[in-house]
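Student: Mind having a look at this structure? Questions to follow.
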Amino acid sequence: MGELEPRPGPLVDTFGRTARDLRISITDRCNFRCTYCMPEEGMQFVPRDEILTFEEIARLAELFVELGIESIRLTGGEPTVRRDLHRLISMLSALRTPDGRQVEISLTTNGSTLARQAELLRHAGLTRVNVSLDSLRADRFLAITRRDALEDVLSGIDAAVSAGLDPVKVNAVAVRGQNEDEILDFAAYGRSKGVQIRFIEYMPLDASGTWSLDQVVAADEIVRTIDAVYPLEPVVHGSEPASRWRYADGGGEIGVIASVTKPFCGDCDRVRLTAEGKFLTCLFAIEELDLRHPLRSGASDAHLAELLKDAVYGKWSGHRIGRVDFVRPTRSMSQIGG
Ligand code: SAM
Ligand code: SF4
């Protein structure tokens with residue numbers, strides 16, 4: 001430790017993929033209890049002293065950027081429940097890539113506090129936001145999130161748009177028997193508000209462990225349903241997981257994230273840091289690299305960089321959802337950072 005020369009350079013794996021996008025979970029706590037993500041009661045949270053401080057997150061983020069990361073998304077748990085989130089955002093928005101470009105800082109949130117915070121976060125340097133919303137009906141919203149907060153989230157989305165966050169995207173997890181009858185309502189809502197709805201296929205990361213393949217509403221079905229009423233044209237396919245579609249009449253775009261039916265692992269450029277400082281090369285990773293311990297025992301940047309490069313080098317080709325050899329991670333979504 002400490003003997004190694006800093007070796008800035010990209011985080012590349014054996015399949016030739018380069019990590020460019022870092023998801024940082026800044027807390028495993030949340031003010032909602034969405035049925036597909038957390039149990040109603042009894043969630044075991046990480047002790048506070050094991051959660052990375054803003055300074056520790058910023059130090060790691062700077063190192064990641066030296067190693068080729070170009071965009072950072074803050075998530076959780078619910079990132080907006082972490083006190084003084086705007087302070088972390090201003091620390092991260094000062095980061096520049098080795099060739100001088102601004103690092104893109106975004107946030108995934110349940111939107112419940114955005115009506116109060118959107119302006120502040122925007123001024124701190126946040127540029128874009130994804131708000132999760134799985135139903136436009138108050139009773140159903142309550143049943144899914146176990147919180148009576150639909151109006152807060154809807155006003156949070158409006159506040160994000162007014163604050164100039166751009167784009168504002170709305171993430172909806174489509175679950176069979178729960179909300180697939182709202183696909184067209186979501187499309188109409190997105191068109192009227194000028195926000196992009198992104199439908200996410202339900203993944204086996206629910207805390208209850210009851211996920212089954214027949215609950216997944218396939219991306220193709222979602223696109224067909226919308227296209228029948230509001231004709232769609234495909235946009236582009238790159239490393240971005242959402243396949244994007246635009247309304248033929250110019251009414252905006254939708255996205256579909258087909259993690260289950262059409263995994264995009266071959267193009268994956270993501271890596272993840274959990275709230276307690278574990279580094280994961282995949283949402284479904286079984287192996288984790290602990291960064292908190294070396295960080296708190298005085299490891300040099302060069303040593304941390306070597307650990308990260310080794311971990312990324314060993315990244316697997318992809319998850320095996322729906323196959324007999326799929327191994328479900330022990331962490332659920334709120335413990336990883338979606
Ligand atoms: N609390 C924030 C939120 O809800 O946006 C950020 C964390 S949440 C874990 C991130 C995303 O993961 C949300 O869009 C949520 O809907 C999604 N998610 C949670 N559990 C999921 C599951 N089992 N399958 C698919 N998406 C899931
Ligand atoms: Fe909280 Fe987000 Fe999980 Fe819902 S999906 S319980 S808002 S972390």
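Ordering of the structure tokens sets the chain letters (A, B, ...), residue numbers begin anew at 1 in every chain, and ligands are numbered from 1 in the order given.
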Taking only C-alpha atoms and all ligand atoms into account, which residues are within 9 Å of ligand 2, as a PDB file with C-alpha atoms, in the first residue's frame?
Tutor:
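Okay, this is what ended up in pocket-v1.pdb:
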ATOM      1  CA  ASP A  28     -30.071   2.934   2.320  1.00  0.00           C
ATOM      2  CA  ARG A  29     -32.842   4.728   4.233  1.00  0.00           C
ATOM      3  CA  CYS A  30     -36.096   5.871   2.669  1.00  0.00           C
ATOM      4  CA  ASN A  31     -39.305   7.689   3.549  1.00  0.00           C
ATOM      5  CA  PHE A  32     -41.326   5.281   1.316  1.00  0.00           C
ATOM      6  CA  ARG A  33     -41.722   1.531   1.557  1.00  0.00           C
ATOM      7  CA  CYS A  34     -42.445   0.507  -2.045  1.00  0.00           C
ATOM      8  CA  THR A  35     -43.700  -3.060  -2.113  1.00  0.00           C
ATOM      9  CA  TYR A  36     -41.248  -4.142  -4.842  1.00  0.00           C
ATOM     10  CA  CYS A  37     -38.273  -2.660  -3.021  1.00  0.00           C
ATOM     11  CA  MET A  38     -38.569  -2.704   0.788  1.00  0.00           C
ATOM     12  CA  PRO A  39     -40.511  -4.628   3.436  1.00  0.00           C
ATOM     13  CA  THR A  75     -29.454   7.315  -5.642  1.00  0.00           C
ATOM     14  CA  GLY A  76     -30.381   5.245  -2.599  1.00  0.00           C
ATOM     15  CA  GLY A  77     -32.565   4.439  -0.653  1.00  0.00           C
ATOM     16  CA  GLU A  78     -33.995   7.885  -1.015  1.00  0.00           C
ATOM     17  CA  PRO A  79     -31.120  10.322  -1.603  1.00  0.00           C
ATOM     18  CA  THR A 108     -32.883   9.411  -8.894  1.00  0.00           C
ATOM     19  CA  THR A 109     -35.541  10.236  -6.327  1.00  0.00           C
ATOM     20  CA  ASN A 110     -39.062   9.336  -5.304  1.00  0.00           C
ATOM     21  CA  GLY A 111     -39.800  13.046  -5.750  1.00  0.00           C
ATOM     22  CA  SER A 112     -41.505  13.529  -2.397  1.00  0.00           C
ATOM     23  CA  SER A 132     -40.025   7.424  -9.721  1.00  0.00           C
ATOM     24  CA  LEU A 133     -43.791   7.244 -10.025  1.00  0.00           C
ATOM     25  CA  ILE A 144     -47.557   0.531  -3.951  1.00  0.00           C
ATOM     26  CA  THR A 145     -45.456   2.963  -1.883  1.00  0.00           C
ATOM     27  CA  ARG A 146     -47.305   2.520   1.449  1.00  0.00           C
ATOM     28  CA  ASP A 206     -37.529  -7.002  -4.328  1.00  0.00           C
ATOM     29  CA  SER A 332     -32.438  -5.746  -2.450  1.00  0.00           C
ATOM     30  CA  MET A 333     -32.746  -2.628  -4.610  1.00  0.00           C
ATOM     31  CA  SER A 334     -32.698  -0.037  -1.809  1.00  0.00           C
ATOM     32  CA  GLN A 335     -29.541  -1.655  -0.369  1.00  0.00           C
ATOM     33  CA  GLY A 337     -28.893   1.756  -5.132  1.00  0.00           C
ATOM     34  CA  GLY A 338     -31.130   1.464  -8.168  1.00  0.00           C
TER      35      GLY A 338
END
Student: Which neighbours of Val173 in chain A fall inside 8 Å, counting only C-alpha atoms, when residues of the same chain fewer than 3 positions from it are skipped, and could you give them as a PyMOL selection string?
Tutor: chain A and resi 133-134+199-202
Student: If we count only C-alpha atoms and set the cut-off at 12 Å, which residues sit around Ala172 in chain A, ignoring sequence neighbours fewer than 4 positions away in its own chain? Please answer as a ChimeraX atom specification.
Tutor: /A:36,110,130-136,141,144,178-180,182-183,185-187,190,196-202,217,219,222,254-257
Student: Excluding Asp99 in chain A and its own-chain neighbours fewer than 3 positions away, which residues fall within 12 Å of it when counting only C-alpha atoms? Please give them as a list in words.
Tutor: Val65, Glu66, Leu67, Gly68, Ile69, Glu70, Leu95, Arg96, Gln102 and Val103 of chain A
Student: With C-alpha atoms retained, could you export that selection as a compact mmCIF listing (two decimals), in the first residue's frame?
Tutor:
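What landed in again.txt:
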# COMPACT_ATOMS: atom_id res chain seq x y z
CA VAL A 65 -13.41 10.59 -12.59
CA GLU A 66 -9.63 10.35 -12.99
CA LEU A 67 -10.25 6.74 -14.02
CA GLY A 68 -12.68 7.69 -16.78
CA ILE A 69 -16.08 8.13 -15.14
CA GLU A 70 -18.02 10.88 -16.96
CA LEU A 95 -15.43 17.71 -10.73
CA ARG A 96 -13.90 17.85 -14.21
CA GLN A 102 -17.91 18.93 -16.52
CA VAL A 103 -19.02 15.65 -14.96
Student: Could you list, as a CSV table (one decimal) with all heavy atoms, in the first residue's frame, every residue within 12 Å of Ile57 in chain A, counting only C-alpha atoms and ignoring same-chain residues fewer than 2 positions away?
Tutor:
chain,number,residue,atom,x,y,z
A,22,LEU,N,-21.2,6.1,-13.1
A,22,LEU,CA,-21.1,5.7,-11.7
A,22,LEU,C,-22.4,6.0,-11.0
A,22,LEU,O,-22.9,7.2,-11.0
A,22,LEU,CB,-19.9,6.4,-11.0
A,22,LEU,CG,-19.8,6.2,-9.5
A,22,LEU,CD1,-19.5,4.7,-9.1
A,22,LEU,CD2,-18.7,7.1,-8.9
A,23,ARG,N,-23.0,5.0,-10.3
A,23,ARG,CA,-24.2,5.2,-9.5
A,23,ARG,C,-23.7,5.2,-8.1
A,23,ARG,O,-23.2,4.2,-7.6
A,23,ARG,CB,-25.2,4.1,-9.7
A,23,ARG,CG,-25.5,3.8,-11.1
A,23,ARG,CD,-26.6,4.7,-11.6
A,23,ARG,NE,-26.5,5.0,-13.0
A,23,ARG,CZ,-27.5,5.1,-13.8
A,23,ARG,NH1,-28.7,4.8,-13.3
A,23,ARG,NH2,-27.4,5.5,-15.0
A,24,ILE,N,-24.0,6.2,-7.3
A,24,ILE,CA,-23.6,6.3,-5.9
A,24,ILE,C,-24.8,6.3,-5.1
A,24,ILE,O,-25.7,7.2,-5.2
A,24,ILE,CB,-22.8,7.6,-5.6
A,24,ILE,CG1,-21.6,7.7,-6.5
A,24,ILE,CG2,-22.3,7.5,-4.1
A,24,ILE,CD1,-20.7,8.9,-6.2
A,25,SER,N,-25.0,5.3,-4.2
A,25,SER,CA,-26.1,5.3,-3.3
A,25,SER,C,-25.6,6.0,-2.1
A,25,SER,O,-24.5,5.7,-1.5
A,25,SER,CB,-26.4,3.8,-2.9
A,25,SER,OG,-27.3,3.9,-1.8
A,26,ILE,N,-26.3,7.1,-1.6
A,26,ILE,CA,-25.8,7.9,-0.5
A,26,ILE,C,-26.5,7.5,0.8
A,26,ILE,O,-26.1,8.1,1.8
A,26,ILE,CB,-25.8,9.4,-0.8
A,26,ILE,CG1,-27.3,9.9,-1.1
A,26,ILE,CG2,-24.9,9.7,-2.0
A,26,ILE,CD1,-27.4,11.4,-1.1
A,27,THR,N,-27.5,6.7,0.7
A,27,THR,CA,-28.2,6.2,2.0
A,27,THR,C,-29.0,5.0,1.6
A,27,THR,O,-29.5,4.8,0.5
A,27,THR,CB,-29.1,7.3,2.6
A,27,THR,OG1,-29.8,6.7,3.7
A,27,THR,CG2,-30.2,7.7,1.6
A,51,ILE,N,-21.9,4.6,7.1
A,51,ILE,CA,-22.3,5.2,5.8
A,51,ILE,C,-21.1,6.2,5.5
A,51,ILE,O,-20.6,6.9,6.3
A,51,ILE,CB,-23.6,6.0,6.0
A,51,ILE,CG1,-24.7,5.1,6.5
A,51,ILE,CG2,-23.9,6.8,4.8
A,51,ILE,CD1,-25.4,4.3,5.4
A,52,LEU,N,-20.8,6.2,4.2
A,52,LEU,CA,-19.7,7.1,3.8
A,52,LEU,C,-20.1,8.6,4.0
A,52,LEU,O,-21.2,9.0,3.8
A,52,LEU,CB,-19.4,6.9,2.3
A,52,LEU,CG,-18.8,5.6,1.9
A,52,LEU,CD1,-18.4,5.7,0.4
A,52,LEU,CD2,-17.7,5.1,2.7
A,53,THR,N,-19.2,9.4,4.5
A,53,THR,CA,-19.4,10.8,4.7
A,53,THR,C,-19.4,11.5,3.3
A,53,THR,O,-18.9,10.9,2.3
A,53,THR,CB,-18.3,11.5,5.5
A,53,THR,OG1,-17.1,11.4,4.8
A,53,THR,CG2,-18.2,10.8,6.9
A,54,PHE,N,-19.9,12.7,3.2
A,54,PHE,CA,-19.8,13.4,1.9
A,54,PHE,C,-18.3,13.6,1.5
A,54,PHE,O,-18.0,13.5,0.3
A,54,PHE,CB,-20.4,14.8,2.1
A,54,PHE,CG,-21.9,14.8,2.1
A,54,PHE,CD1,-22.6,16.0,2.4
A,54,PHE,CD2,-22.7,13.7,1.8
A,54,PHE,CE1,-24.0,16.0,2.4
A,54,PHE,CE2,-24.0,13.7,1.9
A,54,PHE,CZ,-24.7,14.9,2.2
A,55,GLU,N,-17.4,13.8,2.4
A,55,GLU,CA,-16.0,14.0,2.1
A,55,GLU,C,-15.5,12.7,1.5
A,55,GLU,O,-14.7,12.7,0.5
A,55,GLU,CB,-15.2,14.4,3.3
A,55,GLU,CG,-15.4,15.9,3.7
A,55,GLU,CD,-16.8,16.2,4.2
A,55,GLU,OE1,-17.5,15.3,4.7
A,55,GLU,OE2,-17.2,17.4,4.1
A,59,ARG,N,-14.1,12.2,-2.3
A,59,ARG,CA,-12.8,11.7,-2.6
A,59,ARG,C,-12.8,10.5,-3.6
A,59,ARG,O,-12.1,10.5,-4.6
A,59,ARG,CB,-12.0,11.3,-1.3
A,59,ARG,CG,-10.7,10.6,-1.7
A,59,ARG,CD,-9.8,10.4,-0.5
A,59,ARG,NE,-8.6,9.6,-1.0
A,59,ARG,CZ,-8.0,8.7,-0.3
A,59,ARG,NH1,-8.2,8.6,1.0
A,59,ARG,NH2,-7.0,8.0,-0.8
A,60,LEU,N,-13.7,9.6,-3.3
A,60,LEU,CA,-13.8,8.4,-4.3
A,60,LEU,C,-14.3,8.9,-5.6
A,60,LEU,O,-13.8,8.4,-6.7
A,60,LEU,CB,-14.8,7.4,-3.7
A,60,LEU,CG,-14.2,6.6,-2.5
A,60,LEU,CD1,-15.3,5.6,-2.0
A,60,LEU,CD2,-13.0,5.8,-2.9
A,61,ALA,N,-15.3,9.8,-5.6
A,61,ALA,CA,-15.8,10.3,-6.9
A,61,ALA,C,-14.7,10.9,-7.7
A,61,ALA,O,-14.6,10.7,-9.0
A,61,ALA,CB,-16.9,11.3,-6.7
A,62,GLU,N,-13.8,11.7,-7.1
A,62,GLU,CA,-12.7,12.4,-7.8
A,62,GLU,C,-11.8,11.3,-8.5
A,62,GLU,O,-11.4,11.4,-9.6
A,62,GLU,CB,-12.0,13.3,-6.9
A,62,GLU,CG,-11.0,14.1,-7.6
A,62,GLU,CD,-10.3,15.1,-6.6
A,62,GLU,OE1,-10.7,15.2,-5.5
A,62,GLU,OE2,-9.3,15.8,-7.1
A,63,LEU,N,-11.6,10.3,-7.7
A,63,LEU,CA,-10.7,9.2,-8.2
A,63,LEU,C,-11.4,8.5,-9.4
A,63,LEU,O,-10.7,8.2,-10.4
A,63,LEU,CB,-10.4,8.2,-7.0
A,63,LEU,CG,-9.6,7.0,-7.4
A,63,LEU,CD1,-8.2,7.4,-7.8
A,63,LEU,CD2,-9.4,6.1,-6.1
A,64,PHE,N,-12.7,8.2,-9.2
A,64,PHE,CA,-13.4,7.5,-10.3
A,64,PHE,C,-13.3,8.4,-11.6
A,64,PHE,O,-13.2,7.9,-12.7
A,64,PHE,CB,-14.9,7.4,-9.9
A,64,PHE,CG,-15.1,6.1,-9.2
A,64,PHE,CD1,-15.4,6.1,-7.8
A,64,PHE,CD2,-15.1,4.9,-9.8
A,64,PHE,CE1,-15.7,4.9,-7.1
A,64,PHE,CE2,-15.4,3.7,-9.1
A,64,PHE,CZ,-15.7,3.7,-7.8
A,72,ILE,N,-22.2,10.9,-13.0
A,72,ILE,CA,-22.5,10.3,-11.7
A,72,ILE,C,-24.0,10.5,-11.4
A,72,ILE,O,-24.5,11.6,-11.5
A,72,ILE,CB,-21.7,11.1,-10.6
A,72,ILE,CG1,-20.2,10.8,-10.9
A,72,ILE,CG2,-22.1,10.7,-9.2
A,72,ILE,CD1,-19.2,11.5,-9.9
A,74,LEU,N,-26.7,10.1,-8.3
A,74,LEU,CA,-26.9,9.8,-6.9
A,74,LEU,C,-28.3,9.1,-6.7
A,74,LEU,O,-29.3,9.5,-7.3
A,74,LEU,CB,-26.9,11.1,-6.1
A,74,LEU,CG,-25.6,11.9,-6.2
A,74,LEU,CD1,-25.7,13.2,-5.5
A,74,LEU,CD2,-24.4,11.1,-5.8
A,87,ARG,N,-25.1,20.1,-0.5
A,87,ARG,CA,-23.7,20.3,-0.2
A,87,ARG,C,-22.9,19.3,-1.0
A,87,ARG,O,-21.9,19.6,-1.6
A,87,ARG,CB,-23.4,20.2,1.3
A,87,ARG,CG,-22.1,20.7,1.7
A,87,ARG,CD,-22.0,20.9,3.2
A,87,ARG,NE,-21.9,19.7,4.0
A,87,ARG,CZ,-20.9,18.9,4.1
A,87,ARG,NH1,-19.7,19.2,3.5
A,87,ARG,NH2,-20.9,17.8,4.8
A,88,LEU,N,-23.4,18.1,-1.0
A,88,LEU,CA,-22.7,17.0,-1.7
A,88,LEU,C,-22.7,17.3,-3.2
A,88,LEU,O,-21.8,17.2,-4.0
A,88,LEU,CB,-23.3,15.6,-1.5
A,88,LEU,CG,-22.7,14.5,-2.3
A,88,LEU,CD1,-21.3,14.2,-1.9
A,88,LEU,CD2,-23.5,13.2,-2.1
A,89,ILE,N,-23.9,17.8,-3.7
A,89,ILE,CA,-24.0,18.1,-5.1
A,89,ILE,C,-23.1,19.2,-5.5
A,89,ILE,O,-22.4,19.1,-6.6
A,89,ILE,CB,-25.5,18.4,-5.5
A,89,ILE,CG1,-26.3,17.1,-5.4
A,89,ILE,CG2,-25.6,19.0,-6.8
A,89,ILE,CD1,-27.8,17.2,-5.6
A,91,MET,N,-20.2,19.8,-4.1
A,91,MET,CA,-18.9,19.2,-4.1
A,91,MET,C,-18.6,18.4,-5.5
A,91,MET,O,-17.6,18.5,-6.1
A,91,MET,CB,-18.7,18.3,-2.9
A,91,MET,CG,-18.6,19.0,-1.6
A,91,MET,SD,-19.0,17.9,-0.2
A,91,MET,CE,-17.4,17.2,0.2
A,92,LEU,N,-19.6,17.7,-5.9
A,92,LEU,CA,-19.5,16.8,-7.0
A,92,LEU,C,-19.5,17.6,-8.3
A,92,LEU,O,-18.9,17.3,-9.3
A,92,LEU,CB,-20.5,15.7,-7.1
A,92,LEU,CG,-20.5,14.7,-5.9
A,92,LEU,CD1,-21.6,13.7,-6.0
A,92,LEU,CD2,-19.1,14.0,-5.8
A,273,LEU,N,-21.5,2.2,-6.3
A,273,LEU,CA,-20.9,2.4,-5.0
A,273,LEU,C,-22.1,2.4,-4.0
A,273,LEU,O,-23.0,3.2,-4.2
A,273,LEU,CB,-20.1,3.7,-4.9
A,273,LEU,CG,-19.4,4.0,-3.6
A,273,LEU,CD1,-18.3,3.0,-3.3
A,273,LEU,CD2,-18.8,5.4,-3.7
A,274,THR,N,-22.1,1.5,-3.0
A,274,THR,CA,-23.2,1.5,-2.1
A,274,THR,C,-22.9,2.5,-1.0
A,274,THR,O,-21.8,3.0,-0.8
A,274,THR,CB,-23.4,0.1,-1.4
A,274,THR,OG1,-22.2,-0.1,-0.6
A,274,THR,CG2,-23.4,-1.0,-2.5
A,275,ALA,N,-24.0,2.7,-0.2
A,275,ALA,CA,-23.9,3.8,0.9
A,275,ALA,C,-22.8,3.5,1.9
A,275,ALA,O,-22.2,4.4,2.4
A,275,ALA,CB,-25.3,3.9,1.6
A,276,GLU,N,-22.5,2.2,2.1
A,276,GLU,CA,-21.5,1.9,3.1
A,276,GLU,C,-20.1,1.6,2.4
A,276,GLU,O,-19.2,1.0,3.0
A,276,GLU,CB,-21.9,0.7,4.0
A,276,GLU,CG,-21.8,-0.7,3.4
A,276,GLU,CD,-23.1,-1.1,2.6
A,276,GLU,OE1,-23.7,-0.3,1.9
A,276,GLU,OE2,-23.5,-2.3,2.8
A,277,GLY,N,-20.0,2.0,1.1
A,277,GLY,CA,-18.7,2.0,0.5
A,277,GLY,C,-18.3,0.7,-0.1
A,277,GLY,O,-17.1,0.4,-0.3
A,278,LYS,N,-19.3,-0.1,-0.6
A,278,LYS,CA,-19.0,-1.3,-1.3
A,278,LYS,C,-19.0,-1.0,-2.8
A,278,LYS,O,-20.0,-0.3,-3.3
A,278,LYS,CB,-20.0,-2.4,-1.0
A,278,LYS,CG,-20.0,-2.9,0.4
A,278,LYS,CD,-18.9,-3.9,0.7
A,278,LYS,CE,-19.1,-4.8,1.9
A,278,LYS,NZ,-19.1,-4.1,3.1
A,279,PHE,N,-18.1,-1.5,-3.6
A,279,PHE,CA,-18.0,-1.3,-5.0
A,279,PHE,C,-18.6,-2.5,-5.7
A,279,PHE,O,-18.1,-3.6,-5.5
A,279,PHE,CB,-16.6,-1.0,-5.4
A,279,PHE,CG,-16.4,-0.8,-6.9
A,279,PHE,CD1,-17.0,0.3,-7.5
A,279,PHE,CD2,-15.7,-1.7,-7.6
A,279,PHE,CE1,-16.8,0.5,-8.9
A,279,PHE,CE2,-15.5,-1.5,-9.0
A,279,PHE,CZ,-16.1,-0.4,-9.6
A,291,LEU,N,-14.5,-0.7,-0.1
A,291,LEU,CA,-13.6,0.5,-0.2
A,291,LEU,C,-13.5,1.3,1.1
A,291,LEU,O,-12.6,2.0,1.3
A,291,LEU,CB,-14.1,1.4,-1.3
A,291,LEU,CG,-14.0,0.9,-2.8
A,291,LEU,CD1,-14.7,1.8,-3.7
A,291,LEU,CD2,-12.6,0.6,-3.2
A,292,ARG,N,-14.5,1.1,2.0
A,292,ARG,CA,-14.6,1.9,3.2
A,292,ARG,C,-13.4,1.6,4.1
A,292,ARG,O,-12.7,2.5,4.6
A,292,ARG,CB,-15.9,1.7,3.9
A,292,ARG,CG,-16.0,2.8,5.1
A,292,ARG,CD,-17.3,2.5,5.9
A,292,ARG,NE,-17.1,1.3,6.7
A,292,ARG,CZ,-18.0,0.3,6.7
A,292,ARG,NH1,-19.1,0.4,6.1
A,292,ARG,NH2,-17.8,-0.8,7.5
A,295,LEU,N,-10.2,3.0,2.7
A,295,LEU,CA,-10.3,4.5,2.7
A,295,LEU,C,-10.1,5.0,4.1
A,295,LEU,O,-9.3,6.0,4.3
A,295,LEU,CB,-11.8,4.8,2.3
A,295,LEU,CG,-12.1,6.2,1.9
A,295,LEU,CD1,-11.4,6.7,0.7
A,295,LEU,CD2,-13.7,6.3,1.6
A,296,ARG,N,-10.7,4.3,5.1
A,296,ARG,CA,-10.5,4.8,6.5
A,296,ARG,C,-9.2,4.4,7.1
A,296,ARG,O,-8.9,4.8,8.2
A,296,ARG,CB,-11.7,4.4,7.3
A,296,ARG,CG,-13.0,5.1,6.9
A,296,ARG,CD,-14.2,4.8,7.8
A,296,ARG,NE,-15.3,5.6,7.2
A,296,ARG,CZ,-16.6,5.4,7.7
A,296,ARG,NH1,-16.8,4.6,8.7
A,296,ARG,NH2,-17.6,6.2,7.2
Student: Can you pull out the residues contacting Trp245 in chain A? Cut-off 9 Å, using only C-alpha atoms, and skip same-chain residues under 3 positions away; I want them as a list in words.
Tutor: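 These residues fall inside the cut-off: Val223, Leu232, Glu233, Pro234, Val235, Val236, Gly252, Glu253, Ile254, Gly255 and Val256 of chain A.
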Student: Among the residues of range 161-222 of chain A, find those DSSP assigns to helix (DSSP H, G or I) from the backbone and print them as an NGL selection string.
Tutor: :A and (161-162 or 180-193 or 213-215 or 219-222)
